[in-house]
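**Student:** Got input-v7.txt for you, compact mmCIF, C-alpha atoms:
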```
# COMPACT_ATOMS: atom_id res chain seq x y z
CA MET A 1 50.19 224.90 74.94
CA SER A 2 53.34 222.74 74.74
CA GLU A 3 56.36 223.68 72.66
CA ASN A 4 55.59 220.66 70.43
CA LYS A 5 52.15 222.06 69.65
CA LYS A 6 53.57 225.51 68.93
CA ALA A 7 56.13 224.19 66.46
CA LYS A 8 55.35 224.57 62.78
CA ILE A 9 55.92 222.26 59.85
CA SER A 10 57.95 225.05 58.27
CA ASP A 11 60.34 224.64 61.21
CA ASN A 12 61.06 221.02 60.23
CA PRO A 13 64.75 220.56 59.32
CA THR A 14 64.08 220.09 55.60
CA ALA A 15 61.87 223.18 55.30
CA LYS A 16 64.09 225.22 57.60
CA GLU A 17 67.08 224.31 55.46
CA MET A 18 65.47 225.98 52.46
CA LYS A 19 64.57 229.06 54.47
CA ASP A 20 68.12 229.31 55.80
CA VAL A 21 69.80 228.71 52.44
CA LEU A 22 67.94 231.32 50.39
CA PRO A 23 69.02 234.44 52.33
CA LEU A 24 72.58 233.15 52.26
CA VAL A 25 72.53 232.74 48.49
CA LYS A 26 70.96 236.17 47.99
CA ALA A 27 73.55 237.79 50.24
CA ALA A 28 76.33 236.10 48.32
CA GLY A 29 75.31 237.87 45.11
CA GLY A 30 78.32 238.31 42.89
CA ALA A 31 80.85 238.13 45.71
CA PHE A 32 83.02 235.19 44.70
CA GLY A 33 85.03 235.50 47.88
CA ILE A 34 81.98 234.64 49.94
CA LEU A 35 81.09 231.83 47.55
CA GLY A 36 84.60 230.47 47.90
CA ARG A 37 84.27 230.32 51.68
CA LEU A 38 81.05 228.37 51.14
CA GLY A 39 82.90 225.79 49.09
CA ILE A 40 81.47 226.86 45.72
CA ASN A 41 83.84 227.49 42.81
CA LYS A 42 83.28 230.14 40.14
CA GLU A 43 82.24 227.60 37.52
CA LYS A 44 79.35 226.54 39.76
CA PHE A 45 78.10 230.08 40.29
CA GLY A 46 75.90 230.20 37.20
CA GLU A 47 74.34 226.87 38.11
CA LEU A 48 73.86 227.99 41.71
CA GLY A 49 72.18 231.22 40.62
CA ALA A 50 69.68 229.34 38.46
CA MET A 51 68.87 226.93 41.27
CA ALA A 52 68.50 229.76 43.77
CA ALA A 53 66.04 231.58 41.53
CA ASP A 54 63.99 228.42 41.17
CA LEU A 55 64.06 227.72 44.90
CA ALA A 56 63.12 231.32 45.70
CA GLU A 57 59.94 230.81 43.71
CA GLN A 58 59.26 227.45 45.33
CA SER A 59 59.95 228.79 48.82
CA LYS A 60 56.58 230.49 48.67
CA ILE A 61 54.96 227.13 49.36
CA ILE A 62 56.89 226.42 52.57
CA GLU A 63 54.16 227.92 54.72
CA LEU A 64 51.29 226.14 52.88
CA PRO A 65 51.14 222.99 55.07
CA ASP A 66 50.98 225.09 58.25
CA ARG A 67 48.28 227.34 56.82
CA PHE A 68 46.32 224.36 55.52
CA ASN A 69 46.42 222.57 58.88
CA GLU A 70 45.51 225.77 60.70
CA LEU A 71 42.39 226.26 58.58
CA PHE A 72 41.31 222.67 57.99
CA GLY A 73 42.92 220.63 60.78
CA PRO A 74 40.01 221.25 63.21
CA LYS A 75 37.68 219.87 60.51
CA GLY A 76 39.66 216.64 60.14
CA TRP A 77 41.69 217.56 57.04
CA VAL A 78 45.48 217.60 57.43
CA CYS A 79 48.35 217.97 55.02
CA VAL A 80 50.17 214.75 54.15
CA GLY A 81 53.63 214.87 52.64
CA SER A 82 53.12 212.77 49.52
CA ALA A 83 49.56 213.37 48.47
CA LEU A 84 47.70 216.69 48.58
CA SER A 85 49.03 218.83 45.76
CA VAL A 86 50.23 222.40 46.13
CA THR A 87 47.50 223.49 43.71
CA LEU A 88 44.77 221.86 45.81
CA MET A 89 46.04 223.40 49.04
CA GLN A 90 46.31 226.83 47.44
CA GLU A 91 42.79 226.56 46.04
CA ALA A 92 41.28 225.40 49.34
CA ILE A 93 43.09 228.07 51.35
CA ALA A 94 42.03 230.82 48.93
CA LEU A 95 38.39 229.73 49.12
CA ALA A 96 38.42 229.50 52.92
CA GLU A 97 40.06 232.90 53.31
CA THR A 98 37.29 234.47 51.25
CA GLY A 99 34.57 232.91 53.38
CA LYS A 100 33.79 230.02 51.00
CA GLU A 101 34.46 227.27 53.49
CA GLU A 102 31.95 224.80 52.05
CA GLU A 103 33.44 225.20 48.56
CA ALA A 104 36.91 224.73 50.05
CA GLU A 105 35.93 221.45 51.71
CA GLN A 106 34.22 220.27 48.55
CA ALA A 107 37.41 220.88 46.57
CA ILE A 108 39.26 218.67 49.05
CA VAL A 109 36.59 215.95 48.92
CA ASP A 110 36.68 215.98 45.11
CA TRP A 111 40.39 215.12 45.23
CA PHE A 112 39.56 211.63 46.54
CA THR A 113 39.05 209.90 43.21
CA LYS A 114 39.52 206.23 42.34
CA GLU A 115 42.98 206.94 40.95
CA THR A 116 44.31 208.96 43.90
CA ILE A 117 42.99 206.47 46.46
CA GLU A 118 44.47 203.52 44.56
CA LEU A 119 47.88 205.18 44.37
CA PHE A 120 48.25 206.83 47.76
CA ALA A 121 46.14 204.59 50.05
CA ILE A 122 46.38 201.13 48.46
CA THR A 123 49.38 200.64 46.16
CA ARG A 124 51.84 202.47 48.43
CA ALA A 125 50.63 200.45 51.44
CA ARG A 126 51.47 197.05 49.95
CA ARG A 127 55.10 196.99 51.03
CA PHE A 128 53.97 197.08 54.67
CA HIS A 129 51.24 194.42 54.58
CA GLN A 130 51.87 191.51 56.93
CA ALA A 131 48.69 189.85 55.64
CA ILE A 132 48.02 190.10 51.91
CA LEU A 133 44.26 190.15 52.50
CA ARG A 134 44.55 193.73 53.70
CA ASP A 135 44.99 194.69 50.05
CA ASP A 136 41.65 192.98 49.28
CA GLN A 137 40.11 194.73 52.27
CA LEU A 138 41.16 198.15 51.01
CA ARG A 139 40.02 197.41 47.46
CA GLU A 140 36.61 196.33 48.74
CA ALA A 141 36.40 199.58 50.70
CA LEU A 142 37.26 201.49 47.51
CA ASN A 143 34.54 199.68 45.59
CA LEU A 144 32.03 200.56 48.31
CA TYR A 145 33.19 204.18 48.23
CA LEU A 146 32.77 204.40 44.45
CA GLU A 147 29.30 202.86 44.78
CA GLU A 148 28.48 205.52 47.41
CA ARG A 149 27.84 202.81 50.02
CA TYR A 150 29.46 204.84 52.74
CA MET A 151 27.75 203.03 55.63
CA ALA A 152 29.80 199.93 54.81
CA ALA A 153 32.90 201.68 53.47
CA VAL A 154 33.74 203.87 56.49
CA PRO A 155 34.00 201.10 59.14
CA LEU A 156 35.99 198.93 56.73
CA ILE A 157 38.52 201.71 56.12
CA LEU A 158 38.84 202.37 59.86
CA ILE A 159 39.40 198.65 60.50
CA ALA A 160 42.10 198.60 57.81
CA CYS A 161 43.73 201.70 59.33
CA ASP A 162 43.77 200.10 62.76
CA GLY A 163 45.31 196.85 61.54
CA PHE A 164 47.79 198.53 59.21
CA ALA A 165 49.24 200.84 61.87
CA SER A 166 49.20 198.09 64.50
CA ASP A 167 51.33 195.94 62.19
CA ILE A 168 53.84 198.77 61.88
CA SER A 169 54.12 199.88 65.49
CA GLY A 170 52.62 197.06 67.56
CA VAL A 171 49.95 199.36 68.95
CA SER A 172 46.67 200.67 67.57
CA PRO A 173 46.93 204.23 66.24
CA PHE A 174 43.76 204.92 68.23
CA ALA A 175 45.30 203.76 71.52
CA GLU A 176 45.77 206.40 74.20
CA LYS A 177 49.56 206.14 74.26
CA ALA A 178 50.13 205.74 70.51
CA ASP A 179 52.99 207.98 69.36
CA LEU A 180 52.47 209.00 65.74
CA THR A 181 54.99 211.83 65.59
CA VAL A 182 57.95 211.43 63.22
CA TYR A 183 61.15 213.43 62.92
CA ASP A 184 61.25 215.91 60.00
CA SER A 185 57.90 214.77 58.62
CA ILE A 186 54.93 216.75 57.33
CA THR A 187 52.51 213.93 58.08
CA GLY A 188 54.11 212.99 61.39
CA HIS A 189 54.19 216.59 62.63
CA ALA A 190 52.13 217.31 65.76
CA THR A 191 49.67 219.33 63.67
CA GLY A 192 49.28 216.52 61.11
CA LEU A 193 48.38 212.88 61.72
CA PRO A 194 48.65 213.04 65.56
CA SER A 195 46.22 215.99 65.59
CA MET A 196 43.82 214.20 63.25
CA ILE A 197 43.84 211.06 65.39
CA GLY A 198 43.01 213.21 68.42
CA LEU A 199 39.76 214.23 66.73
CA LEU A 200 38.77 210.64 65.95
CA VAL A 201 39.08 208.99 69.37
CA LYS A 202 36.37 210.77 71.31
CA GLY A 203 34.18 208.44 73.33
CA ALA A 204 30.40 208.31 73.27
CA TYR A 205 28.00 207.34 76.02
CA LYS A 206 24.79 207.07 74.01
CA SER A 207 23.74 206.30 70.46
CA ARG A 208 22.97 209.16 68.08
CA ASP A 209 21.69 209.21 64.52
CA ASP A 210 22.26 212.87 63.59
CA GLU A 211 24.69 213.41 60.71
CA VAL A 212 28.36 213.61 61.70
CA THR A 213 31.31 215.02 59.76
CA MET A 214 34.17 213.04 61.29
CA PRO A 215 35.06 209.32 61.00
CA GLU A 216 35.23 209.03 64.81
CA ARG A 217 36.57 205.56 65.27
CA HIS A 218 35.23 204.61 68.71
CA LYS A 219 31.76 206.00 68.10
CA ILE A 220 31.40 204.32 64.70
CA ILE A 221 32.97 200.95 65.44
CA HIS A 222 31.04 200.62 68.71
CA GLY A 223 27.75 201.58 67.08
CA ARG A 224 27.23 204.91 68.85
CA ALA A 225 27.49 207.34 65.91
CA LEU A 226 25.05 206.20 63.20
CA GLY A 227 24.92 209.26 60.97
CA TYR A 228 28.35 208.81 59.40
CA ALA A 229 27.25 207.51 55.97
CA ASN A 230 28.29 210.43 53.79
CA LYS A 231 31.07 211.13 51.30
CA THR A 232 32.86 213.71 53.46
CA VAL A 233 33.31 211.29 56.37
CA CYS A 234 34.43 208.56 53.97
CA ALA A 235 36.96 210.86 52.29
CA LYS A 236 38.40 211.76 55.70
CA ALA A 237 38.70 208.06 56.49
CA TRP A 238 40.67 207.62 53.26
CA LEU A 239 42.83 210.60 54.21
CA LEU A 240 43.58 208.82 57.49
CA MET A 241 44.71 205.72 55.60
CA ILE A 242 46.88 207.82 53.28
CA ALA A 243 48.36 209.63 56.28
CA LEU A 244 49.17 206.31 57.97
CA VAL A 245 50.95 205.06 54.84
CA ASP A 246 52.97 208.28 54.76
CA TRP A 247 53.67 207.90 58.46
CA ALA A 248 54.86 204.31 57.95
CA ILE A 249 57.18 205.36 55.12
CA ASP A 250 58.59 208.29 57.10
CA LYS A 251 58.93 206.13 60.22
CA SER A 252 60.85 203.44 58.33
CA SER A 253 63.55 205.94 57.38
CA GLU A 254 63.48 208.08 60.53
CA ASP A 255 66.75 206.79 62.01
CA GLU A 256 68.54 207.18 58.69
CA ARG A 257 67.21 210.72 58.26
CA LYS A 258 68.34 211.66 61.74
CA ALA A 259 71.80 210.34 60.94
CA GLU A 260 71.72 212.16 57.61
CA ALA A 261 70.90 215.41 59.40
CA GLU A 262 74.09 215.01 61.40
CA ARG A 263 76.11 214.45 58.23
CA LYS A 264 74.66 217.43 56.40
CA ALA A 265 77.10 219.79 58.09
CA ASN A 266 79.74 218.28 55.81
CA HIS A 267 77.75 218.79 52.62
CA SER A 268 78.37 221.71 50.35
CA LEU A 269 75.70 224.35 49.86
CA SER A 270 75.29 223.36 46.21
CA ASP A 271 74.56 219.73 47.20
CA SER A 272 71.84 220.90 49.57
CA LEU A 273 70.32 223.11 46.91
CA LYS A 274 70.24 220.27 44.41
CA GLN A 275 68.36 217.98 46.80
CA LEU A 276 65.88 220.68 47.67
CA GLN A 277 65.42 221.47 44.00
CA LYS A 278 64.64 217.79 43.27
CA THR A 279 61.99 217.70 46.00
CA GLN A 280 60.29 220.79 44.62
CA ALA A 281 60.58 219.53 41.04
CA ASP A 282 58.91 216.27 42.07
CA LYS A 283 56.02 218.16 43.63
CA ARG A 284 55.59 220.31 40.54
CA ALA A 285 55.62 217.28 38.25
CA ILE A 286 52.99 215.49 40.34
CA GLY A 287 50.79 218.59 40.39
CA ALA A 288 51.11 219.07 36.63
CA PHE A 289 50.47 215.44 35.69
CA GLU A 290 47.35 214.72 33.69
CA PRO A 291 46.16 211.16 32.91
CA HIS A 292 46.47 210.29 29.22
CA SER A 293 46.49 207.26 26.95
CA LEU A 294 48.30 206.05 23.83
CA ASP A 295 46.98 203.61 21.25
CA GLY A 296 49.05 201.01 19.42
CA PRO A 297 50.63 199.78 17.33
CA PHE A 298 53.82 200.57 19.22
CA ASP A 299 57.40 200.79 18.02
CA GLU A 300 59.40 198.18 19.94
CA GLU A 301 62.36 200.58 20.29
CA PHE A 302 61.10 201.74 23.68
CA GLY A 303 63.06 204.02 26.00
CA ALA A 304 64.94 202.41 28.89
CA ASP A 305 62.75 203.77 31.70
CA THR A 306 59.27 203.41 30.19
CA PRO A 307 56.24 201.30 31.06
CA GLU A 308 55.99 200.28 27.40
CA LYS A 309 59.43 198.67 27.59
CA ALA A 310 58.51 196.88 30.84
CA VAL A 311 55.40 195.38 29.22
CA ASN A 312 57.27 194.36 26.07
CA GLU A 313 60.20 192.83 27.96
CA PHE A 314 57.96 190.98 30.44
CA LEU A 315 55.78 189.48 27.70
CA SER A 316 58.64 188.72 25.29
CA GLY A 317 60.47 187.01 28.16
CA TRP A 318 57.36 184.98 28.90
CA LYS A 319 56.98 184.04 25.22
CA SER A 320 60.61 182.89 24.92
CA LYS A 321 60.54 181.24 28.38
CA ASN A 322 63.30 183.57 29.50
CA TYR A 323 62.22 183.66 33.14
CA GLY A 324 65.16 185.80 34.21
CA LYS A 325 63.99 188.49 31.79
CA MET A 326 60.46 188.21 33.18
CA GLY A 327 61.73 188.48 36.74
CA LYS A 328 63.64 191.66 35.97
CA TYR A 329 60.38 193.40 35.06
CA ALA A 330 58.07 191.73 37.60
CA VAL A 331 56.94 193.45 40.81
CA ASN A 332 59.55 192.68 43.48
CA LEU A 333 58.76 194.71 46.61
CA THR A 334 60.74 192.40 48.90
CA LYS A 335 63.90 192.86 46.77
CA LYS A 336 64.45 189.16 46.04
CA PRO A 337 67.66 188.28 44.17
CA VAL A 338 67.43 187.96 40.39
CA ASN A 339 67.75 184.16 40.45
CA LYS A 340 64.91 183.83 42.97
CA MET A 341 62.65 186.04 40.87
CA ALA A 342 63.49 183.94 37.82
CA GLY A 343 62.54 180.83 39.79
CA GLU A 344 59.25 182.41 40.83
CA MET A 345 58.43 183.32 37.25
CA ARG A 346 59.21 179.77 36.14
CA THR A 347 56.88 178.37 38.80
CA MET A 348 54.09 180.76 37.82
CA ALA A 349 54.41 180.65 34.02
CA GLU A 350 55.96 177.27 33.21
CA PHE A 351 52.64 175.67 32.29
CA VAL A 352 51.21 178.67 30.44
CA GLU A 353 52.92 178.93 27.05
CA LEU A 354 52.54 182.43 25.62
CA GLU A 355 52.42 182.00 21.84
CA GLN A 356 51.61 185.52 20.65
CA PHE A 357 50.96 188.97 22.09
CA GLU A 358 50.02 192.36 20.71
CA PHE A 359 50.47 195.58 22.69
CA ARG A 360 47.30 197.58 21.97
CA LYS A 361 46.93 200.45 24.41
CA ILE A 362 48.48 202.07 27.46
CA GLN A 363 46.99 204.56 29.88
CA TYR A 364 49.18 206.73 32.12
CA SER A 365 46.88 206.77 35.16
CA THR A 366 49.15 208.45 37.73
CA ILE A 367 52.74 209.63 37.90
CA ALA A 368 53.90 206.10 38.79
CA ARG A 369 51.13 203.83 37.50
CA CYS A 370 50.04 202.74 34.03
CA ASP A 371 47.34 200.39 32.82
CA ALA A 372 48.03 198.51 29.60
CA ARG A 373 45.76 196.51 27.31
CA VAL A 374 47.32 193.61 25.38
CA TRP A 375 45.97 190.83 23.22
CA VAL A 376 47.45 187.41 23.95
CA LYS A 377 47.21 183.88 22.66
CA ALA A 378 48.44 181.18 24.99
CA LYS A 379 48.37 177.44 25.52
CA THR A 380 47.48 176.17 28.98
CA LEU A 381 47.40 172.59 30.23
CA ARG A 382 43.73 172.43 29.26
CA GLU A 383 43.33 174.44 26.08
CA THR A 384 44.48 177.25 23.81
CA VAL A 385 43.06 180.60 24.91
CA GLU A 386 43.15 184.09 23.50
CA GLY A 387 41.72 187.49 24.36
CA GLU A 388 42.47 190.97 25.68
CA LEU A 389 44.19 191.33 29.01
CA ASP A 390 44.72 194.28 31.36
CA LEU A 391 48.18 194.74 32.87
CA LEU A 392 49.06 196.92 35.86
CA ILE A 393 52.48 198.59 35.63
CA ILE A 394 54.01 200.40 38.64
CA ARG A 395 57.29 202.33 38.84
CA TYR A 396 59.38 201.53 41.92
CA THR A 397 62.72 202.68 43.31
CA GLU A 398 65.52 200.27 44.20
CA ASP A 399 64.30 200.38 47.82
CA GLY A 400 60.78 199.30 46.88
CA ASP A 401 59.19 202.71 47.30
CA MET A 402 56.78 204.26 44.85
CA ALA A 403 58.99 206.26 42.49
CA MET A 404 58.86 210.02 42.35
CA PRO A 405 59.24 211.79 38.96
CA ASN A 406 62.92 212.66 39.32
CA ASP A 407 64.12 209.53 41.13
CA SER A 408 66.94 207.64 39.43
CA ASN A 409 67.57 203.88 39.12
CA CYS A 410 63.84 203.13 39.03
CA THR A 411 62.06 200.32 37.24
CA TRP A 412 58.61 200.02 35.71
CA THR A 413 57.33 196.60 36.78
CA VAL A 414 54.41 194.42 35.67
CA GLN A 415 52.08 192.85 38.22
CA GLN A 416 52.29 189.06 37.93
CA LEU A 417 48.53 188.54 38.36
CA CYS A 418 48.26 188.61 34.56
CA ILE A 419 49.78 185.10 34.40
CA TYR A 420 46.93 183.66 36.46
CA ASN A 421 44.39 185.61 34.43
CA VAL A 422 45.66 183.96 31.24
CA MET A 423 45.81 180.56 32.94
CA ASN A 424 42.14 180.91 33.89
CA ALA A 425 41.10 182.72 30.68
CA LYS A 426 40.04 185.83 32.59
CA PHE A 427 40.01 188.28 29.72
CA VAL A 428 38.30 191.66 29.42
CA GLY A 429 36.26 193.43 26.80
CA LYS A 430 35.81 196.93 28.19
CA GLU A 431 37.62 200.01 26.96
CA LEU A 432 40.43 201.49 29.04
```
In structure tokens, what does this structure look like?
**Tutor:**
Amino acid sequence: MSENKKAKISDNPTAKEMKDVLPLVKAAGGAFGILGRLGINKEKFGELGAMAADLAEQSKIIELPDRFNELFGPKGWVCVGSALSVTLMQEAIALAETGKEEEAEQAIVDWFTKETIELFAITRARRFHQAILRDDQLREALNLYLEERYMAAVPLILIACDGFASDISGVSPFAEKADLTVYDSITGHATGLPSMIGLLVKGAYKSRDDEVTMPERHKIIHGRALGYANKTVCAKAWLLMIALVDWAIDKSSEDERKAEAERKANHSLSDSLKQLQKTQADKRAIGAFEPHSLDGPFDEEFGADTPEKAVNEFLSGWKSKNYGKMGKYAVNLTKKPVNKMAGEMRTMAEFVELEQFEFRKIQYSTIARCDARVWVKAKTLRETVEGELDLLIIRYTEDGDMAMPNDSNCTWTVQQLCIYNVMNAKFVGKEL
């Protein structure tokens, strides 16, 4: 076995940093002389102690990805950095270690809901699409999955995976020489996505119709494996798509992270602890999140970083024909300048005069996505229309990434599709 195969995710620089820091902090104890040599003043000691206690508790999860991949990797389930929650991994590992392997796999399969697939496999992939129809392709696959039409869903997901990764790297992820490893990445670790791909590229020399448990790309696409139409195979195909999105995100920042690793020698211990604490806090917040909804009427004194404010500002800007205001709260993944976004909003909304709107309901669907219901009355070139409209609101960072709970300088943004829906009187009547 190669050294690369022997390496563990817990040996990645980020994880190793936590393991290295904790013994140092514990050894420091109350010795201010040692703390001084580490660049930490006495005033920071109380803060450092609190962070160290928190990180000591969180350090227990460092080994989880390795243990998860060890138990479930051969079955086609691998840990991905952004998605699978600590709680899910702990539950699955506990079940498997007590001999309840089927229950463990079922717990993993159950994680693949409409909301998690939309967030981790579809919404986060948009910034990388070279052809916008891939978004439609993935949504059609999701609809098929929800309708339990796995025979059609699985090949469509695999096709999307192939095209998505080929756009990123110029080579199919299923090609023999495809390199899917990424520096300091959970997903791009040798035991993660590269290992999963290795299970999915086995060839077949004759057709078989017995039930299979893996979305083996070559066998399925070339019509050799016919017994793939089940939820487990489809969920693994979705996991592959999620893993590829994670891989693309990690790959896009790989050079910067390598350079950052070289600069970290100049950082103080307290700075390192703060960054590690944020990462762990983000994971805890995602694991603790529960979908919930709020009914109107709403007070217009919304907080600065809230989806309610984004909806109100976007619609009030539309109503007053303040296209710059609309553009500030419109989805802008390509980071266009403010004046260009204002121009786009003018082009899209100039001939749809929003006369009235009423904010009626908002649903917090995921940590970075909300769905709002508003009533609008508008005048188009043809007629005056009114009705209830669904709005999609997503929270993004300045760099166009899906925002994590403790990220700063983020913006809740409204998807512009609502303008066309009003223009064409595409209103809804169902409950959120």
**Student:** Name the closest residue to Arg67 in chain A among the candidates A:Gly303, A:Gly163, A:Gly387, A:Gly192; distances are taken between atoms, counting all atoms listed in the file.
**Tutor:** A:Gly192
**Student:** When you draw a straight line from CA of Glu388 in chain A to CA of Cys418 in chain A, how long is it in Å?
**Tutor:**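 Separation between CA of Glu388 in chain A and CA of Cys418 in chain A: 10.9 Å.
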**Student:** What gap, in Å, lies between CA of Met241 in chain A and CA of Ala204 in chain A?
**Tutor:** 22.9 Å
**Student:** Please list as number ranges by chain every residue within 8 Å of Val331 in chain A, counting only C-alpha atoms and excluding residues in the same chain fewer than 6 positions away.
**Tutor:** A: 394, 413-416
**Student:** Quick one: everything within 8 Å of Leu354 in chain A, counting all atoms listed in the file, minus sequence neighbours fewer than 3 positions away in the same chain. Send it as a list in words.
**Tutor:**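 That gives Trp318, Lys319, Phe357, Val376, Lys377, Ala378 and Lys379 of chain A.
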**Student:** Excluding range 336-345 of chain A and its own-chain neighbours fewer than 4 positions away, which residues fall within 10 Å of it when counting all atoms listed in the file? Please give them as a ChimeraX atom specification.
**Tutor:** /A:318,321-332,349-350,416,419
**Student:** Kindly give the distance, in Å, that separates CA of Lys75 in chain A and CA of Asp11 in chain A, rounded to a single decimal.
**Tutor:**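 Rounded to one decimal, the two atoms are 23.2 Å apart.
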**Student:** For Arg124 in chain A, list every protein, DNA or RNA residue within 7 Å, evaluated using only C-alpha atoms, and leave out those in the same chain fewer than 4 positions away; present the list as a compact mmCIF listing (two decimals) with C-alpha atoms, in the frame of the given file.
**Tutor:**
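And here is the file that came out, out.txt:
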```txt
# COMPACT_ATOMS: atom_id res chain seq x y z
CA LEU A 119 47.88 205.18 44.37
CA PHE A 120 48.25 206.83 47.76
CA VAL A 245 50.95 205.06 54.84
CA MET A 402 56.78 204.26 44.85
```
**Student:** Env of Ala372 in chain A: 6 Å cut, atoms = all atoms listed in the file, seq-sep filter 5 positions within chain, self excluded. Answer as a ChimeraX atom specification.
**Tutor:** /A:361-362,390-391
**Student:** Between A:Ser169, A:Thr123, A:Asn424, A:Thr347, which residue has the minimum interatomic distance to Asp136 in chain A, considering only C-alpha atoms?
**Tutor:**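 Using only C-alpha atoms, Asp136 in chain A sits closest to A:Thr123.
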**Student:** A:His129, A:Arg224, A:Arg369, A:Lys309: which is nearest His292 in chain A, counting only C-alpha atoms?
**Tutor:**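 For His292 in chain A, the nearest of the given residues is A:Arg369.
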**Student:** Could you pull range 227-246 of chain A out of the structure just shown and give N, CA and C atoms as a PDB file, in the first residue's frame?
**Tutor:**
```pdb
ATOM      1  N   GLY A 227     -29.774  -3.619 -12.908  1.00  0.00           N
ATOM      2  CA  GLY A 227     -30.481  -3.680 -11.634  1.00  0.00           C
ATOM      3  C   GLY A 227     -30.101  -2.563 -10.679  1.00  0.00           C
ATOM      4  N   TYR A 228     -29.948  -1.343 -11.216  1.00  0.00           N
ATOM      5  CA  TYR A 228     -29.479  -0.232 -10.403  1.00  0.00           C
ATOM      6  C   TYR A 228     -30.620   0.649  -9.886  1.00  0.00           C
ATOM      7  N   ALA A 229     -31.857   0.355 -10.261  1.00  0.00           N
ATOM      8  CA  ALA A 229     -32.974   1.267  -9.979  1.00  0.00           C
ATOM      9  C   ALA A 229     -33.463   1.130  -8.538  1.00  0.00           C
ATOM     10  N   ASN A 230     -32.671   1.600  -7.601  1.00  0.00           N
ATOM     11  CA  ASN A 230     -33.095   1.602  -6.203  1.00  0.00           C
ATOM     12  C   ASN A 230     -32.580   2.869  -5.520  1.00  0.00           C
ATOM     13  N   LYS A 231     -33.157   3.188  -4.385  1.00  0.00           N
ATOM     14  CA  LYS A 231     -32.872   4.451  -3.707  1.00  0.00           C
ATOM     15  C   LYS A 231     -31.429   4.535  -3.223  1.00  0.00           C
ATOM     16  N   THR A 232     -30.870   3.408  -2.772  1.00  0.00           N
ATOM     17  CA  THR A 232     -29.495   3.422  -2.268  1.00  0.00           C
ATOM     18  C   THR A 232     -28.512   3.812  -3.362  1.00  0.00           C
ATOM     19  N   VAL A 233     -28.646   3.219  -4.534  1.00  0.00           N
ATOM     20  CA  VAL A 233     -27.757   3.554  -5.652  1.00  0.00           C
ATOM     21  C   VAL A 233     -27.922   5.019  -6.034  1.00  0.00           C
ATOM     22  N   CYS A 234     -29.174   5.496  -6.046  1.00  0.00           N
ATOM     23  CA  CYS A 234     -29.431   6.882  -6.421  1.00  0.00           C
ATOM     24  C   CYS A 234     -28.844   7.843  -5.382  1.00  0.00           C
ATOM     25  N   ALA A 235     -28.963   7.506  -4.113  1.00  0.00           N
ATOM     26  CA  ALA A 235     -28.387   8.353  -3.067  1.00  0.00           C
ATOM     27  C   ALA A 235     -26.864   8.421  -3.199  1.00  0.00           C
ATOM     28  N   LYS A 236     -26.236   7.308  -3.545  1.00  0.00           N
ATOM     29  CA  LYS A 236     -24.782   7.306  -3.735  1.00  0.00           C
ATOM     30  C   LYS A 236     -24.393   8.153  -4.949  1.00  0.00           C
ATOM     31  N   ALA A 237     -25.242   8.138  -5.978  1.00  0.00           N
ATOM     32  CA  ALA A 237     -24.980   9.002  -7.133  1.00  0.00           C
ATOM     33  C   ALA A 237     -25.056  10.476  -6.726  1.00  0.00           C
ATOM     34  N   TRP A 238     -26.027  10.814  -5.877  1.00  0.00           N
ATOM     35  CA  TRP A 238     -26.113  12.186  -5.380  1.00  0.00           C
ATOM     36  C   TRP A 238     -24.898  12.521  -4.511  1.00  0.00           C
ATOM     37  N   LEU A 239     -24.445  11.565  -3.712  1.00  0.00           N
ATOM     38  CA  LEU A 239     -23.249  11.799  -2.901  1.00  0.00           C
ATOM     39  C   LEU A 239     -22.054  12.089  -3.803  1.00  0.00           C
ATOM     40  N   LEU A 240     -21.970  11.399  -4.929  1.00  0.00           N
ATOM     41  CA  LEU A 240     -20.888  11.652  -5.875  1.00  0.00           C
ATOM     42  C   LEU A 240     -20.955  13.093  -6.381  1.00  0.00           C
ATOM     43  N   MET A 241     -22.152  13.553  -6.718  1.00  0.00           N
ATOM     44  CA  MET A 241     -22.295  14.927  -7.206  1.00  0.00           C
ATOM     45  C   MET A 241     -21.899  15.922  -6.119  1.00  0.00           C
ATOM     46  N   ILE A 242     -22.342  15.670  -4.891  1.00  0.00           N
ATOM     47  CA  ILE A 242     -21.990  16.554  -3.775  1.00  0.00           C
ATOM     48  C   ILE A 242     -20.476  16.565  -3.567  1.00  0.00           C
ATOM     49  N   ALA A 243     -19.871  15.377  -3.647  1.00  0.00           N
ATOM     50  CA  ALA A 243     -18.421  15.277  -3.478  1.00  0.00           C
ATOM     51  C   ALA A 243     -17.683  16.045  -4.570  1.00  0.00           C
ATOM     52  N   LEU A 244     -18.190  15.987  -5.796  1.00  0.00           N
ATOM     53  CA  LEU A 244     -17.544  16.710  -6.899  1.00  0.00           C
ATOM     54  C   LEU A 244     -17.667  18.220  -6.721  1.00  0.00           C
ATOM     55  N   VAL A 245     -18.791  18.684  -6.192  1.00  0.00           N
ATOM     56  CA  VAL A 245     -18.931  20.116  -5.913  1.00  0.00           C
ATOM     57  C   VAL A 245     -17.926  20.527  -4.836  1.00  0.00           C
ATOM     58  N   ASP A 246     -17.827  19.730  -3.783  1.00  0.00           N
ATOM     59  CA  ASP A 246     -16.835  20.003  -2.737  1.00  0.00           C
ATOM     60  C   ASP A 246     -15.421  20.014  -3.310  1.00  0.00           C
TER      61      ASP A 246
END
```
